[in-house]
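Everything below belongs to data11.txt, which stores compact mmCIF, C-alpha atoms.
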# COMPACT_ATOMS: atom_id res chain seq x y z
CA MET A 29 48.91 -55.44 5.26
CA ARG A 30 48.12 -51.79 5.67
CA LYS A 31 44.59 -50.79 4.70
CA LYS A 32 44.18 -48.36 1.89
CA VAL A 33 42.75 -45.04 3.07
CA CYS A 34 40.18 -43.36 0.84
CA MET A 35 41.39 -39.85 0.05
CA GLU A 36 38.26 -38.79 -1.77
CA SER A 37 36.96 -35.48 -0.44
CA CYS A 38 33.78 -35.63 1.59
CA PRO A 39 30.97 -33.26 0.71
CA PRO A 40 31.20 -30.01 2.68
CA PRO A 41 28.71 -29.54 5.49
CA PRO A 42 25.64 -27.42 4.76
CA LEU A 43 26.27 -23.71 4.91
CA SER A 44 23.73 -23.40 7.70
CA ASP A 45 25.89 -25.63 9.93
CA LEU A 46 28.95 -23.39 9.68
CA LEU A 47 27.46 -20.41 11.53
CA PRO A 48 25.63 -20.44 14.88
CA PRO A 49 22.04 -19.14 14.90
CA GLU A 50 23.00 -16.22 17.16
CA LEU A 51 25.48 -14.92 14.60
CA LEU A 52 23.04 -15.48 11.74
CA SER A 53 20.42 -13.41 13.57
CA LYS A 54 22.88 -10.54 14.03
CA ILE A 55 23.77 -10.67 10.34
CA ALA A 56 20.09 -10.68 9.34
CA ASP A 57 19.32 -7.70 11.59
CA GLY A 58 21.79 -5.54 9.67
CA LEU A 59 20.61 -6.37 6.16
CA SER A 60 18.69 -4.16 3.76
CA LEU A 61 15.33 -5.42 2.54
CA ILE A 62 16.50 -6.98 -0.74
CA ASP A 63 19.48 -8.62 0.97
CA LEU A 64 17.20 -9.90 3.76
CA LEU A 65 14.85 -11.52 1.24
CA SER A 66 17.83 -13.25 -0.39
CA PHE A 67 19.17 -14.29 3.01
CA ARG A 68 15.85 -15.88 4.00
CA SER A 69 15.67 -17.88 0.77
CA VAL A 70 18.99 -19.72 1.35
CA CYS A 71 17.62 -22.45 3.61
CA LYS A 72 15.19 -23.13 6.44
CA ALA A 73 17.82 -22.49 9.12
CA TRP A 74 18.64 -19.04 7.74
CA ASN A 75 14.96 -18.26 7.36
CA SER A 76 14.36 -19.21 10.98
CA ALA A 77 17.38 -17.22 12.19
CA SER A 78 15.97 -14.06 10.59
CA SER A 79 12.57 -14.38 12.29
CA THR A 80 13.05 -11.09 14.17
CA ALA A 81 14.72 -9.09 11.37
CA SER A 82 12.83 -6.09 10.05
CA ALA A 83 15.21 -4.37 7.58
CA GLN A 84 14.71 -1.17 9.56
CA ASN A 85 18.02 0.16 8.30
CA GLU A 86 16.48 0.58 4.84
CA SER A 87 17.48 4.14 4.00
CA SER A 88 14.97 4.81 1.23
CA TYR A 89 12.21 7.32 1.94
CA GLU A 90 10.90 6.93 -1.59
CA PRO A 91 8.27 4.21 -2.11
CA TRP A 92 8.97 1.24 -4.33
CA PHE A 93 6.59 0.09 -7.05
CA LEU A 94 4.84 -3.29 -7.30
CA LEU A 95 3.29 -4.23 -10.65
CA TYR A 96 0.97 -7.22 -11.13
CA GLU A 97 -1.80 -8.55 -13.33
CA GLU A 98 -5.18 -9.10 -11.74
CA HIS A 99 -5.29 -12.88 -12.19
CA SER A 100 -1.60 -13.58 -11.57
CA ASP A 101 0.20 -14.45 -8.34
CA GLN A 102 3.49 -13.01 -9.59
CA CYS A 103 4.58 -9.39 -9.46
CA GLN A 104 7.47 -7.19 -10.51
CA LEU A 105 9.24 -4.94 -8.02
CA LEU A 106 10.84 -1.72 -9.26
CA ILE A 107 13.18 0.42 -7.18
CA CYS A 108 12.81 3.70 -9.05
CA GLU A 109 15.87 5.36 -7.53
CA SER A 110 18.27 2.74 -8.89
CA GLY A 111 16.20 1.27 -11.72
CA LYS A 112 16.71 -2.24 -10.30
CA LYS A 113 13.95 -4.76 -11.00
CA TYR A 114 13.05 -8.00 -9.27
CA THR A 115 10.41 -10.69 -9.71
CA ILE A 116 8.47 -11.93 -6.70
CA SER A 117 6.65 -15.21 -7.29
CA ASN A 118 3.89 -17.12 -5.56
CA ILE A 119 1.89 -14.33 -3.91
CA PRO A 120 -1.67 -15.71 -4.13
CA GLU A 121 -2.94 -12.88 -1.92
CA LEU A 122 -2.59 -10.46 -4.85
CA LYS A 123 -4.52 -12.64 -7.27
CA GLY A 124 -7.87 -10.97 -7.98
CA ALA A 125 -7.32 -8.42 -5.21
CA THR A 126 -7.49 -4.64 -5.27
CA CYS A 127 -5.27 -2.55 -3.02
CA LEU A 128 -7.31 0.06 -1.16
CA ALA A 129 -4.45 1.61 0.82
CA SER A 130 -0.69 1.34 1.25
CA ASN A 131 1.35 2.74 4.13
CA GLN A 132 4.44 1.82 6.16
CA GLY A 133 4.92 -1.44 4.25
CA TRP A 134 1.36 -2.69 4.85
CA LEU A 135 -1.22 -3.13 2.08
CA LEU A 136 -4.96 -3.10 2.71
CA LEU A 137 -6.30 -5.58 0.14
CA PHE A 138 -9.89 -6.22 -0.86
CA GLU A 139 -11.08 -9.38 -2.62
CA PRO A 140 -14.38 -8.41 -4.32
CA SER A 141 -15.43 -11.95 -5.24
CA CYS A 142 -15.89 -12.89 -1.58
CA GLY A 143 -15.87 -9.51 0.17
CA SER A 144 -12.80 -10.34 2.25
CA ILE A 145 -10.49 -7.54 3.34
CA PHE A 146 -7.09 -7.96 5.00
CA PHE A 147 -3.74 -6.39 5.73
CA PHE A 148 -0.79 -7.92 3.93
CA CYS A 149 2.96 -7.34 3.68
CA PRO A 150 4.21 -8.88 0.41
CA PHE A 151 7.83 -8.98 1.60
CA SER A 152 7.30 -10.93 4.82
CA ARG A 153 3.96 -12.53 3.74
CA ALA A 154 2.44 -11.40 7.07
CA LYS A 155 -1.37 -11.29 6.89
CA ILE A 156 -4.11 -9.99 9.21
CA ASP A 157 -7.74 -10.71 8.30
CA LEU A 158 -10.37 -8.07 9.03
CA PRO A 159 -14.14 -8.50 9.51
CA LYS A 160 -16.00 -8.71 6.24
CA LEU A 161 -17.10 -5.38 4.78
CA PRO A 162 -20.86 -4.63 4.89
CA ALA A 163 -21.06 -4.77 1.09
CA SER A 164 -19.45 -7.44 -1.08
CA GLN A 165 -18.92 -4.97 -3.92
CA LEU A 166 -17.25 -1.60 -3.48
CA CYS A 167 -17.36 1.00 -6.21
CA GLU A 168 -15.06 3.98 -6.56
CA HIS A 169 -13.52 3.44 -3.15
CA VAL A 170 -10.41 4.61 -1.33
CA ALA A 171 -9.10 3.73 2.14
CA ALA A 172 -6.60 4.90 4.72
CA PHE A 173 -5.45 3.62 8.09
CA SER A 174 -4.11 5.54 11.06
CA SER A 175 -1.19 3.30 12.06
CA PRO A 176 0.20 -0.19 11.40
CA PRO A 177 -2.44 -2.88 12.03
CA THR A 178 -0.39 -4.32 14.90
CA CYS A 179 -0.94 -1.12 16.91
CA GLN A 180 -3.81 -1.12 19.38
CA ASP A 181 -4.99 2.33 18.21
CA CYS A 182 -5.22 1.39 14.51
CA ILE A 183 -8.34 2.71 12.74
CA VAL A 184 -9.31 1.79 9.17
CA SER A 185 -11.54 4.03 7.06
CA VAL A 186 -12.95 3.06 3.66
CA ILE A 187 -14.78 5.78 1.73
CA SER A 188 -16.99 5.04 -1.30
CA ARG A 189 -18.76 7.25 -3.78
CA ILE A 190 -22.47 6.39 -3.97
CA ASN A 191 -23.30 9.16 -6.45
CA ASP A 192 -22.12 12.67 -7.31
CA LEU A 193 -23.37 14.15 -4.02
CA GLU A 194 -23.32 11.24 -1.59
CA LEU A 195 -20.44 9.44 0.09
CA GLU A 196 -20.33 6.38 2.34
CA LEU A 197 -17.70 5.84 5.01
CA ASN A 198 -17.04 2.51 6.76
CA VAL A 199 -14.89 2.73 9.91
CA LEU A 200 -13.26 -0.14 11.82
CA HIS A 201 -11.38 0.24 15.13
CA ARG A 202 -8.70 -2.23 16.23
CA GLY A 203 -10.31 -5.26 17.87
CA ALA A 204 -13.85 -4.47 16.64
CA ASN A 205 -15.92 -7.22 15.01
CA GLU A 206 -18.10 -4.97 12.86
CA TRP A 207 -17.66 -1.94 10.65
CA ILE A 208 -19.49 1.29 11.47
CA ARG A 209 -21.22 2.70 8.42
CA HIS A 210 -21.83 6.42 7.85
CA GLN A 211 -23.54 8.04 4.87
CA ARG A 212 -23.40 11.75 4.14
CA ASN A 213 -24.99 13.90 1.47
CA PHE A 214 -23.21 17.16 2.02
CA THR A 215 -20.70 18.08 -0.66
CA PRO A 216 -21.24 21.53 -2.16
CA TRP A 217 -19.52 20.32 -5.32
CA PRO A 218 -20.23 17.09 -7.23
CA VAL A 219 -17.71 14.33 -6.57
CA ASN A 220 -16.79 12.64 -9.83
CA ARG A 221 -13.91 10.52 -8.55
CA ILE A 222 -12.12 9.87 -5.25
CA GLU A 223 -8.38 10.14 -5.76
CA CYS A 224 -6.64 9.08 -2.54
CA GLY A 225 -6.72 8.99 1.25
CA ALA A 226 -4.33 9.77 4.10
CA PHE A 227 -4.17 10.03 7.88
CA HIS A 228 -2.58 13.16 9.29
CA ASN A 229 -2.57 14.78 12.75
CA GLY A 230 -5.41 12.63 14.07
CA GLU A 231 -7.75 13.01 11.08
CA PHE A 232 -8.49 11.14 7.87
CA TYR A 233 -8.25 13.14 4.65
CA PHE A 234 -9.74 12.05 1.36
CA PHE A 235 -9.13 13.86 -1.91
CA ALA A 236 -11.66 13.88 -4.74
CA CYS A 237 -12.19 15.57 -8.09
CA GLY A 238 -15.43 17.26 -9.04
CA GLY A 239 -16.78 20.47 -10.55
CA GLY A 240 -13.34 21.35 -11.90
CA ARG A 241 -11.90 21.33 -8.40
CA LEU A 242 -9.77 19.19 -6.13
CA ILE A 243 -11.90 18.59 -3.04
CA GLN A 244 -10.57 17.68 0.39
CA VAL A 245 -12.85 15.81 2.80
CA ALA A 246 -11.64 15.74 6.41
CA VAL A 247 -13.10 13.14 8.77
CA THR A 248 -12.54 13.05 12.53
CA THR A 249 -13.30 9.60 13.95
CA ALA A 250 -12.56 10.36 17.61
CA GLY A 251 -15.78 10.76 19.60
CA ASN A 252 -18.67 11.84 17.38
CA LEU A 253 -17.70 11.49 13.73
CA GLN A 254 -17.32 14.90 12.06
CA TRP A 255 -17.11 15.77 8.36
CA GLN A 256 -15.63 18.84 6.72
CA CYS A 257 -15.34 19.58 3.03
CA PHE A 258 -13.00 22.10 1.37
CA SER A 259 -12.31 23.09 -2.21
CA ILE A 260 -8.53 23.23 -2.42
CA ILE A 261 -7.47 23.74 -6.00
CA PRO A 262 -9.55 24.74 -9.01
CA VAL A 263 -8.08 22.33 -11.56
CA SER A 264 -8.02 24.87 -14.39
CA ALA A 265 -6.68 27.77 -12.30
CA PRO A 266 -3.73 28.51 -10.00
CA ALA A 267 -4.28 27.39 -6.42
CA PRO A 268 -5.29 30.16 -4.02
CA ALA A 269 -3.44 30.52 -0.74
CA PRO A 270 -5.35 28.21 1.65
CA ALA A 271 -6.38 29.29 5.11
CA GLU A 272 -4.18 27.48 7.61
CA ASP A 273 -7.09 26.66 9.89
CA GLU A 274 -9.05 24.97 7.12
CA ILE A 275 -6.82 22.95 4.84
CA VAL A 276 -4.22 20.47 5.95
CA SER A 277 -0.65 20.99 4.72
CA LEU A 278 -0.23 17.75 2.79
CA ARG A 279 1.79 18.02 -0.38
CA ASP A 280 0.11 16.27 -3.28
CA GLU A 281 2.01 14.08 -5.73
CA MET A 282 -0.03 13.70 -8.90
CA GLY A 283 1.16 11.85 -11.99
CA TYR A 284 3.71 9.84 -10.00
CA LEU A 285 3.92 7.14 -12.70
CA ASP A 286 5.28 9.66 -15.20
CA LYS A 287 7.34 11.52 -12.62
CA LYS A 288 9.24 8.31 -11.78
CA ASN A 289 9.37 7.05 -15.41
CA VAL A 290 7.85 3.75 -14.30
CA LYS A 291 6.80 2.49 -17.73
CA GLN A 292 10.15 3.36 -19.29
CA GLN A 293 12.05 1.63 -16.49
CA LEU A 294 9.86 -1.48 -16.82
CA GLY A 295 10.16 -1.51 -20.62
CA MET A 296 6.42 -0.94 -21.13
CA GLY A 297 4.78 0.94 -23.97
CA ARG A 298 2.96 4.22 -23.39
CA ASP A 299 -0.31 2.59 -24.50
CA VAL A 300 -0.26 0.10 -21.59
CA SER A 301 -2.73 1.17 -18.90
CA ILE A 302 -2.05 0.86 -15.16
CA SER A 303 -4.36 1.39 -12.21
CA THR A 304 -2.32 2.32 -9.13
CA CYS A 305 -2.80 2.63 -5.39
CA GLY A 306 -0.91 5.58 -3.94
CA THR A 307 0.66 6.02 -0.53
CA GLN A 308 1.74 8.57 2.05
CA ILE A 309 5.36 9.69 2.28
CA ARG A 310 7.11 11.18 5.30
CA ALA A 311 9.99 13.23 3.91
CA LEU A 312 13.25 14.10 5.65
CA ASP A 313 11.87 17.54 6.46
CA GLY A 314 9.00 15.87 8.37
CA GLU A 315 6.34 17.10 5.95
CA ASP A 316 3.93 14.49 4.62
CA SER A 317 3.18 14.01 0.93
CA VAL A 318 0.33 12.05 -0.61
CA VAL A 319 0.86 10.03 -3.78
CA PHE A 320 -2.48 10.03 -5.58
CA ASN A 321 -4.08 6.94 -7.03
CA GLU A 322 -4.06 6.79 -10.82
CA ASN A 323 -6.36 5.00 -13.25
CA GLU A 324 -5.15 5.48 -16.80
CA SER A 325 -8.09 3.60 -18.32
CA ILE A 326 -10.45 6.27 -16.91
CA VAL A 327 -8.21 9.10 -18.09
CA SER A 328 -8.04 7.62 -21.60
CA ALA A 329 -11.82 7.30 -21.73
CA GLU A 330 -12.30 10.90 -20.58
CA GLN A 331 -9.85 12.16 -23.17
CA SER A 332 -11.62 10.25 -25.95
CA SER A 333 -15.11 11.22 -24.66
CA SER A 334 -15.98 7.53 -24.45
CA SER A 335 -18.65 6.38 -22.03
CA LYS A 336 -17.04 2.96 -21.65
CA THR A 337 -13.76 2.14 -19.97
CA LYS A 338 -11.88 -1.10 -20.24
CA SER A 339 -10.13 -2.69 -17.31
CA PRO A 340 -6.50 -1.60 -16.90
CA ASP A 341 -3.84 -3.93 -18.25
CA PHE A 342 -1.97 -3.95 -14.94
CA LYS A 343 -2.38 -2.96 -11.31
CA GLY A 344 0.33 -1.15 -9.42
CA ILE A 345 1.04 -0.29 -5.79
CA TRP A 346 3.40 2.27 -4.30
CA ILE A 347 4.79 0.60 -1.19
CA HIS A 348 7.30 1.51 1.50
CA PRO A 349 10.27 -0.89 1.73
CA ARG A 350 9.46 -2.43 5.09
CA PHE A 351 9.67 -6.03 6.30
CA CYS A 352 6.65 -6.29 8.60
CA GLN A 353 6.63 -9.37 10.81
CA ILE A 354 3.90 -10.18 13.29
CA SER A 355 3.75 -12.25 16.43
CA PRO A 356 1.05 -14.93 16.85
CA ILE A 357 -1.01 -12.58 19.07
CA HIS A 358 -1.24 -10.04 16.23
CA GLN A 359 -2.34 -12.46 13.50
CA SER A 360 -6.01 -11.69 14.13
CA TRP A 361 -7.72 -8.35 14.30

How does the structure come out when it is put into structure tokens?
Amino acid sequence: MRKKVCMESCPPPPLSDLLPPELLSKIADGLSLIDLLSFRSVCKAWNSASSTASAQNESSYEPWFLLYEEHSDQCQLLICESGKKYTISNIPELKGATCLASNQGWLLLFEPSCGSIFFFCPFSRAKIDLPKLPASQLCEHVAAFSSPPTCQDCIVSVISRINDLELELNVLHRGANEWIRHQRNFTPWPVNRIECGAFHNGEFYFFACGGGRLIQVAVTTAGNLQWQCFSIIPVSAPAPAPAEDEIVSLRDEMGYLDKKNVKQQLGMGRDVSISTCGTQIRALDGEDSVVFNENESIVSAEQSSSSKTKSPDFKGIWIHPRFCQISPIHQSW
């Protein structure tokens, strides 16, 4: 008697078994950032096959926008050019952290409760811890870094406002175990607020507001540290033509939240306050622009002549769409 053959269909093999790892790696190398993130979430095999992918073919020169609440590990990602929105979950590194600087896909995050400071890429989850800052609490601070933290010549500078006429600068060179602290009482105009920082042509530039002016502070960290201070733009008057040998040619981008219609695209009301960390943009013409930090809670208080400011409802970060992966030798500073 002939045996009965079962004709029931067998479950198909896992998708990861249908393609060899070499082919998967080639596919991953050609993906844009959003597609790469989706690719890596399929399964462990696809995640492993994309271990060298970097989404370097991402064509956008415009930064994307990350929005998060201070005590949440979830954030929203907005691509302003297209209006597309995504939710990124389970990022504990953002919880309670403040972004001091953003450039080339790397964030410099500071956790005030413990004084820890570290580089972090929210897309790849790569993290590099830095030596603890000299002070556990920073006030009115801005940072910039010279190059990606995986580069041997990376320098980090964190500037803080001590009072209207005194600034403090903490500098850390790649591989160093301690920060170098510098204090300087030199500004000819009172500094009410530090707006943003950038690194350009071998020097750090920090922009501040004070005395009705936009003030540029240039710091050279090579050799003996040198400070220079320039008044660029009287806020209430047209900008004079700057002397080329004094003021760096960095285009400033103020009010970027409104310029990019961020709140409207995210469906937020105008009364919602956001504190943002800006970034530096290299345009197609090769000229750098600086997106200023914004703190709408401070602006609202100044407009209402109130001496008290409440914490912003949300924090935001302008970030370049880069997938920064690190090798084991680069996981420590």

Item to complete: Have a look at atom CA of A:Arg68 and atom CA of A:Leu294 and let me know their distance in Å, one decimal.
Response: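 Going from atom CA of A:Arg68 over to atom CA of A:Leu294, I get 26.0 Å.
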
Worksheet entry | Which residue of A:Val290, A:Ala236, A:Val184, A:Val247 approaches A:Lys113 most closely, using only C-alpha atoms | A:Val290

Worksheet item: Rounded to one decimal in Å, what is the spacing between atom CA of A:Ser69 and atom CA of A:Trp346?
Response: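 Those two atoms sit 24.1 Å apart.
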
As JSON, what would the box around stretch 346-351 of chain A look like: edges along x, y and z, 6 Å added on every side, centre and edge lengths in Å to one decimal?
{"center_x": 6.8, "center_y": -1.9, "center_z": 1.0, "size_x": 18.9, "size_y": 20.3, "size_z": 22.6}

Fill in: Nearest to A:His228 by atom-to-atom distance, counting all atoms listed in the file, from A:Lys288, A:Arg310, A:Arg212, A:His169
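Result for the nearest residue to A:His228: A:Arg310.
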